[in-house]
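As provided, upload-v3.cif (mmCIF, C-alpha atoms) reads as follows.
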data_coords
#
loop_
_atom_site.group_PDB
_atom_site.id
_atom_site.type_symbol
_atom_site.label_atom_id
_atom_site.label_comp_id
_atom_site.auth_asym_id
_atom_site.auth_seq_id
_atom_site.Cartn_x
_atom_site.Cartn_y
_atom_site.Cartn_z
ATOM 1 C CA MET Y 1 0.000 0.000 0.000
ATOM 2 C CA THR Y 2 1.185 3.490 -0.728
ATOM 3 C CA ALA Y 3 1.219 6.488 1.570
ATOM 4 C CA LEU Y 4 -1.793 8.765 1.394
ATOM 5 C CA PRO Y 5 -1.028 12.512 1.523
ATOM 6 C CA GLY Y 6 -1.443 13.704 5.118
ATOM 7 C CA LEU Y 7 -2.533 10.265 6.325
ATOM 8 C CA GLY Y 8 0.644 8.185 6.374
ATOM 9 C CA THR Y 9 0.969 4.615 5.130
ATOM 10 C CA PRO Y 10 -2.168 2.473 5.438
ATOM 11 C CA ARG Y 11 -1.845 -0.937 7.082
ATOM 12 C CA THR Y 12 -4.027 -3.973 6.518
ATOM 13 C CA ALA Y 13 -6.660 -4.423 9.228
ATOM 14 C CA SER Y 14 -5.555 -6.662 12.108
ATOM 15 C CA PRO Y 15 -6.075 -6.909 15.869
ATOM 16 C CA GLU Y 16 -2.832 -4.952 16.375
ATOM 17 C CA LEU Y 17 -3.942 -2.165 14.023
ATOM 18 C CA LEU Y 18 -7.235 -1.836 15.896
ATOM 19 C CA ARG Y 19 -5.406 -1.697 19.248
ATOM 20 C CA SER Y 20 -2.919 0.862 17.882
ATOM 21 C CA VAL Y 21 -5.662 3.115 16.538
ATOM 22 C CA PHE Y 22 -7.700 2.938 19.735
ATOM 23 C CA ARG Y 23 -4.641 3.795 21.856
ATOM 24 C CA GLN Y 24 -5.039 7.229 20.237
ATOM 25 C CA HIS Y 25 -8.654 7.442 21.439
ATOM 26 C CA ALA Y 26 -9.090 8.787 24.962
ATOM 27 C CA ALA Y 27 -11.926 6.975 26.709
ATOM 28 C CA GLY Y 28 -13.691 7.302 30.016
ATOM 29 C CA VAL Y 29 -13.100 4.502 32.506
ATOM 30 C CA ALA Y 30 -15.915 2.466 33.994
ATOM 31 C CA VAL Y 31 -16.140 -0.653 36.099
ATOM 32 C CA ILE Y 32 -18.913 -3.116 35.307
ATOM 33 C CA THR Y 33 -20.033 -5.396 38.148
ATOM 34 C CA ALA Y 34 -22.308 -8.424 38.246
ATOM 35 C CA PRO Y 35 -23.805 -10.363 41.141
ATOM 36 C CA GLY Y 36 -23.257 -14.059 41.639
ATOM 37 C CA SER Y 37 -22.065 -16.568 44.212
ATOM 38 C CA ARG Y 38 -18.885 -14.494 43.983
ATOM 39 C CA PRO Y 39 -19.342 -10.955 42.629
ATOM 40 C CA ALA Y 40 -17.562 -10.260 39.359
ATOM 41 C CA GLY Y 41 -16.332 -7.086 37.754
ATOM 42 C CA PHE Y 42 -13.987 -5.644 35.180
ATOM 43 C CA THR Y 43 -12.655 -2.314 33.941
ATOM 44 C CA ALA Y 44 -14.268 -1.149 30.707
ATOM 45 C CA THR Y 45 -13.461 1.659 28.302
ATOM 46 C CA SER Y 46 -16.109 0.518 25.820
ATOM 47 C CA LEU Y 47 -19.091 2.014 27.674
ATOM 48 C CA THR Y 48 -21.449 3.817 25.292
ATOM 49 C CA SER Y 49 -24.735 5.641 25.617
ATOM 50 C CA VAL Y 50 -26.997 4.028 23.006
ATOM 51 C CA ALA Y 51 -30.418 5.685 23.347
ATOM 52 C CA ALA Y 52 -32.183 8.223 25.537
ATOM 53 C CA ASP Y 53 -35.746 6.899 25.217
ATOM 54 C CA PRO Y 54 -35.807 4.300 26.493
ATOM 55 C CA PRO Y 55 -32.442 4.823 28.166
ATOM 56 C CA LEU Y 56 -29.975 2.198 26.917
ATOM 57 C CA LEU Y 57 -26.225 1.717 27.183
ATOM 58 C CA SER Y 58 -23.769 -0.831 25.889
ATOM 59 C CA PHE Y 59 -20.364 -2.239 26.727
ATOM 60 C CA GLY Y 60 -18.154 -5.014 25.440
ATOM 61 C CA VAL Y 61 -16.808 -7.903 27.483
ATOM 62 C CA GLY Y 62 -14.386 -10.620 26.400
ATOM 63 C CA THR Y 63 -16.038 -14.035 26.386
ATOM 64 C CA GLY Y 64 -12.784 -15.541 27.636
ATOM 65 C CA SER Y 65 -12.560 -13.193 30.626
ATOM 66 C CA SER Y 66 -13.061 -14.350 34.206
ATOM 67 C CA SER Y 67 -16.035 -11.947 34.493
ATOM 68 C CA TRP Y 68 -17.888 -13.300 31.480
ATOM 69 C CA PRO Y 69 -19.671 -16.220 33.237
ATOM 70 C CA ALA Y 70 -21.241 -13.835 35.797
ATOM 71 C CA VAL Y 71 -22.068 -11.173 33.181
ATOM 72 C CA SER Y 72 -23.524 -13.797 30.830
ATOM 73 C CA ALA Y 73 -25.890 -15.026 33.560
ATOM 74 C CA ALA Y 74 -26.760 -11.708 35.234
ATOM 75 C CA GLU Y 75 -30.200 -10.155 34.876
ATOM 76 C CA HIS Y 76 -28.814 -6.875 36.274
ATOM 77 C CA ILE Y 77 -25.359 -5.315 36.210
ATOM 78 C CA GLY Y 78 -23.708 -2.290 37.812
ATOM 79 C CA VAL Y 79 -22.033 0.490 35.833
ATOM 80 C CA HIS Y 80 -19.597 2.752 37.704
ATOM 81 C CA ILE Y 81 -17.956 5.862 36.246
ATOM 82 C CA LEU Y 82 -14.547 6.220 37.898
ATOM 83 C CA GLY Y 83 -12.924 9.436 39.045
ATOM 84 C CA GLU Y 84 -9.322 10.479 38.492
ATOM 85 C CA HIS Y 85 -8.663 9.549 42.139
ATOM 86 C CA GLN Y 86 -9.496 5.891 41.352
ATOM 87 C CA GLN Y 87 -6.577 4.793 39.170
ATOM 88 C CA GLU Y 88 -5.713 1.962 41.558
ATOM 89 C CA LEU Y 89 -9.322 0.729 41.589
ATOM 90 C CA ALA Y 90 -9.345 0.769 37.771
ATOM 91 C CA ALA Y 91 -6.059 -1.165 37.727
ATOM 92 C CA THR Y 92 -7.382 -3.723 40.243
ATOM 93 C CA PHE Y 93 -10.470 -4.444 38.139
ATOM 94 C CA ALA Y 94 -8.317 -4.624 34.976
ATOM 95 C CA ARG Y 95 -5.754 -7.032 36.451
ATOM 96 C CA SER Y 96 -6.252 -10.734 35.753
ATOM 97 C CA GLY Y 97 -6.352 -12.819 38.917
ATOM 98 C CA ALA Y 98 -6.779 -9.803 41.251
ATOM 99 C CA ASP Y 99 -9.009 -10.039 44.327
ATOM 100 C CA ARG Y 100 -11.295 -7.350 42.935
ATOM 101 C CA PHE Y 101 -13.765 -7.376 45.833
ATOM 102 C CA GLY Y 102 -11.149 -7.913 48.562
ATOM 103 C CA PRO Y 103 -10.470 -5.690 51.576
ATOM 104 C CA ALA Y 104 -8.897 -2.913 49.457
ATOM 105 C CA THR Y 105 -12.175 -2.387 47.552
ATOM 106 C CA SER Y 106 -14.941 -0.467 49.296
ATOM 107 C CA TRP Y 107 -18.299 -1.749 48.058
ATOM 108 C CA ARG Y 108 -21.778 -2.774 49.137
ATOM 109 C CA THR Y 109 -24.676 -4.796 47.790
ATOM 110 C CA GLY Y 110 -27.132 -2.528 45.984
ATOM 111 C CA PRO Y 111 -30.487 -2.911 44.265
ATOM 112 C CA GLU Y 112 -31.070 -6.251 42.520
ATOM 113 C CA GLU Y 113 -28.106 -7.658 44.522
ATOM 114 C CA VAL Y 114 -25.680 -5.793 42.239
ATOM 115 C CA PRO Y 115 -22.273 -4.979 43.795
ATOM 116 C CA LEU Y 116 -21.889 -1.173 43.989
ATOM 117 C CA LEU Y 117 -18.479 0.481 44.373
ATOM 118 C CA ASP Y 118 -18.109 3.360 46.817
ATOM 119 C CA GLY Y 119 -16.647 6.757 45.924
ATOM 120 C CA VAL Y 120 -17.381 6.701 42.186
ATOM 121 C CA LEU Y 121 -18.441 9.737 40.132
ATOM 122 C CA ALA Y 122 -21.685 8.090 39.082
ATOM 123 C CA TRP Y 123 -23.321 4.673 39.069
ATOM 124 C CA LEU Y 124 -26.237 2.828 37.515
ATOM 125 C CA VAL Y 125 -27.929 -0.483 38.113
ATOM 126 C CA CYS Y 126 -29.142 -1.752 34.742
ATOM 127 C CA LYS Y 127 -31.334 -4.564 33.481
ATOM 128 C CA VAL Y 128 -29.602 -6.575 30.760
ATOM 129 C CA VAL Y 129 -31.823 -6.535 27.661
ATOM 130 C CA ALA Y 130 -29.555 -8.205 25.067
ATOM 131 C CA ARG Y 131 -26.227 -9.910 24.574
ATOM 132 C CA VAL Y 132 -24.867 -9.759 21.021
ATOM 133 C CA PRO Y 133 -21.922 -11.990 20.037
ATOM 134 C CA ALA Y 134 -19.108 -9.923 18.478
ATOM 135 C CA GLY Y 135 -15.932 -11.830 17.660
ATOM 136 C CA ASP Y 136 -14.091 -12.756 20.858
ATOM 137 C CA HIS Y 137 -16.361 -10.370 22.804
ATOM 138 C CA CYS Y 138 -20.021 -9.908 23.512
ATOM 139 C CA LEU Y 139 -21.806 -6.560 23.361
ATOM 140 C CA VAL Y 140 -24.187 -6.165 26.261
ATOM 141 C CA LEU Y 141 -27.169 -3.815 25.958
ATOM 142 C CA ALA Y 142 -28.626 -2.705 29.262
ATOM 143 C CA GLN Y 143 -31.403 -0.419 30.454
ATOM 144 C CA PRO Y 144 -30.747 1.706 33.562
ATOM 145 C CA VAL Y 145 -33.288 1.219 36.360
ATOM 146 C CA VAL Y 146 -31.708 3.274 39.172
ATOM 147 C CA GLY Y 147 -28.543 5.311 39.703
ATOM 148 C CA ASP Y 148 -26.808 8.374 41.075
ATOM 149 C CA PRO Y 149 -24.822 10.906 38.993
ATOM 150 C CA ALA Y 150 -23.681 13.077 41.909
ATOM 151 C CA GLY Y 151 -20.290 11.713 43.013
ATOM 152 C CA PRO Y 152 -17.440 14.166 43.612
ATOM 153 C CA GLY Y 153 -14.450 14.738 41.364
ATOM 154 C CA ARG Y 154 -13.413 14.576 37.738
ATOM 155 C CA PRO Y 155 -13.424 11.580 35.387
ATOM 156 C CA LEU Y 156 -10.614 9.093 34.928
ATOM 157 C CA LEU Y 157 -9.481 8.631 31.317
ATOM 158 C CA TYR Y 158 -7.599 5.884 29.489
ATOM 159 C CA HIS Y 159 -5.190 6.875 26.717
ATOM 160 C CA GLN Y 160 -2.036 5.346 25.224
ATOM 161 C CA GLY Y 161 -2.335 2.328 27.538
ATOM 162 C CA ARG Y 162 -2.359 4.445 30.722
ATOM 163 C CA PHE Y 163 -4.872 5.939 33.115
ATOM 164 C CA ASN Y 164 -4.902 9.744 32.945
ATOM 165 C CA ALA Y 165 -6.702 12.786 34.307
ATOM 166 C CA LEU Y 166 -8.280 15.653 32.399
ATOM 167 C CA ARG Y 167 -6.136 18.730 31.953
ATOM 168 C CA ASP Y 168 -7.631 22.224 31.877
#
If you took the structure in this file and wrote it as structure tokens, what would it be?
Amino acid sequence: MTALPGLGTPRTASPELLRSVFRQHAAGVAVITAPGSRPAGFTATSLTSVAADPPLLSFGVGTGSSSWPAVSAAEHIGVHILGEHQQELAATFARSGADRFGPATSWRTGPEEVPLLDGVLAWLVCKVVARVPAGDHCLVLAQPVVGDPAGPGRPLLYHQGRFNALRD
């Protein structure tokens, strides 16, 4: 392939190309939680508002992840928007094999038995309305049923493989 003026040299689509392109995309950081015999959760940067009426959101989850069995069975899930003060919490929920709901994580059981994290910028408990297979992931569509947008602080971002804060 030849270079395109002002665009560089195109590369054939691949998992690495997708990862490289999305490292350039700053994304908000959320933690998704699901109830179960052991609560499950993971850090997500794929959270998207889908519709306002009825309110719907979506996120992707790897079907090979340790959280997938709980998310695949859950009728309700928790969505938590993390603040810039929660980099360690984001890292804990992103780390494979971590004790995500251990003593270092402040949480409680919320509506519909969903694990809710303390100190977040905002949270929702959502009813899962669809799971759509998508390659090695599944897109989950969920409808908020209750939440709180009033947590203190500024949002945590993910960019270039690192957690970051907004700059003024």
Would you work out the distance separating CA of His76 (chain Y) from CA of His159 (chain Y), expressed in Å to one decimal? 29.0 Å
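Nearest to Arg108 (chain Y) of all the residues Y:Gly78, Y:Tyr158, Y:Asp148, Y:Gln86 is Y:Gly78, based on all atoms listed in the file.
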When you draw a straight line from CA of Gly36 (chain Y) to CA of Thr109 (chain Y), how long is it in Å?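 According to the coordinates, CA of Gly36 (chain Y) and CA of Thr109 (chain Y) are separated by 11.2 Å.
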For region 34-49 of chain Y, take all atoms listed in the file, fit an axis-aligned box around them, add 6 Å to each of the six sides, then output centre and edge lengths in Å rounded to one decimal, as lines of an AutoDock Vina configuration file.
center_x = -18.7
center_y = -5.5
center_z = 34.8
size_x = 24.1
size_y = 34.2
size_z = 30.9
Applying the PyMOL selection byres ((chain Y and resi 112) around 8) to the file I just gave you, which residues come out? Please list them as an MDAnalysis selection string. chainID Y and resid 76 110:111 113:114 125
Interface rows for region 40-146 of chain Y against region 15-30 of chain Y: nearest pair, Å to one decimal, 8 Å, all atoms listed in the file, as JSON lines:
{"residue": "Y:Thr43", "atom": "CA", "partner": "Y:Ala30", "partner_atom": "CA", "distance": 5.8}
{"residue": "Y:Ala44", "atom": "CA", "partner": "Y:Ala30", "partner_atom": "CA", "distance": 5.2}
{"residue": "Y:Thr45", "atom": "CA", "partner": "Y:Val29", "partner_atom": "CA", "distance": 5.1}
{"residue": "Y:Ser46", "atom": "CA", "partner": "Y:Ala27", "partner_atom": "CA", "distance": 7.7}
{"residue": "Y:Leu47", "atom": "CA", "partner": "Y:Ala30", "partner_atom": "CA", "distance": 7.1}
{"residue": "Y:Val79", "atom": "CA", "partner": "Y:Ala30", "partner_atom": "CA", "distance": 6.7}
{"residue": "Y:His80", "atom": "CA", "partner": "Y:Ala30", "partner_atom": "CA", "distance": 5.2}
{"residue": "Y:Ile81", "atom": "CA", "partner": "Y:Ala30", "partner_atom": "CA", "distance": 4.6}
{"residue": "Y:Leu82", "atom": "CA", "partner": "Y:Ala30", "partner_atom": "CA", "distance": 5.6}
{"residue": "Y:Ala90", "atom": "CA", "partner": "Y:Val29", "partner_atom": "CA", "distance": 7.5}
Those residues you just picked out, can you put them in a file as an mmCIF file, keeping the file's coordinate frame with C-alpha atoms?
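Output below, filename part36.cif:
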data_model
loop_
_atom_site.group_PDB
_atom_site.id
_atom_site.type_symbol
_atom_site.label_atom_id
_atom_site.label_comp_id
_atom_site.auth_asym_id
_atom_site.auth_seq_id
_atom_site.Cartn_x
_atom_site.Cartn_y
_atom_site.Cartn_z
ATOM 1 C CA THR Y 43 -12.655 -2.314 33.941
ATOM 2 C CA ALA Y 44 -14.268 -1.149 30.707
ATOM 3 C CA THR Y 45 -13.461 1.659 28.302
ATOM 4 C CA SER Y 46 -16.109 0.518 25.820
ATOM 5 C CA LEU Y 47 -19.091 2.014 27.674
ATOM 6 C CA VAL Y 79 -22.033 0.490 35.833
ATOM 7 C CA HIS Y 80 -19.597 2.752 37.704
ATOM 8 C CA ILE Y 81 -17.956 5.862 36.246
ATOM 9 C CA LEU Y 82 -14.547 6.220 37.898
ATOM 10 C CA ALA Y 90 -9.345 0.769 37.771
#
Point out the residue among Y:Ala134, Y:Leu124, Y:Ala40, Y:Leu157 with the least atom-to-atom distance to Leu57 (chain Y), counting all atoms listed in the file.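 Comparing Y:Ala134, Y:Leu124, Y:Ala40, Y:Leu157 against Leu57 (chain Y), the winner is Y:Leu124.
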If the PyMOL selection byres ((chain Y and resi 117) around 8) is run on the structure shown, which residues does it catch, given as a PDB file with C-alpha atoms, in the coordinates of the input?
ATOM      1  CA  HIS Y  80     -19.597   2.752  37.704  1.00  0.00           C
ATOM      2  CA  THR Y 105     -12.175  -2.387  47.552  1.00  0.00           C
ATOM      3  CA  SER Y 106     -14.941  -0.467  49.296  1.00  0.00           C
ATOM      4  CA  TRP Y 107     -18.299  -1.749  48.058  1.00  0.00           C
ATOM      5  CA  ARG Y 108     -21.778  -2.774  49.137  1.00  0.00           C
ATOM      6  CA  PRO Y 115     -22.273  -4.979  43.795  1.00  0.00           C
ATOM      7  CA  LEU Y 116     -21.889  -1.173  43.989  1.00  0.00           C
ATOM      8  CA  ASP Y 118     -18.109   3.360  46.817  1.00  0.00           C
ATOM      9  CA  GLY Y 119     -16.647   6.757  45.924  1.00  0.00           C
ATOM     10  CA  VAL Y 120     -17.381   6.701  42.186  1.00  0.00           C
TER      11      VAL Y 120
END
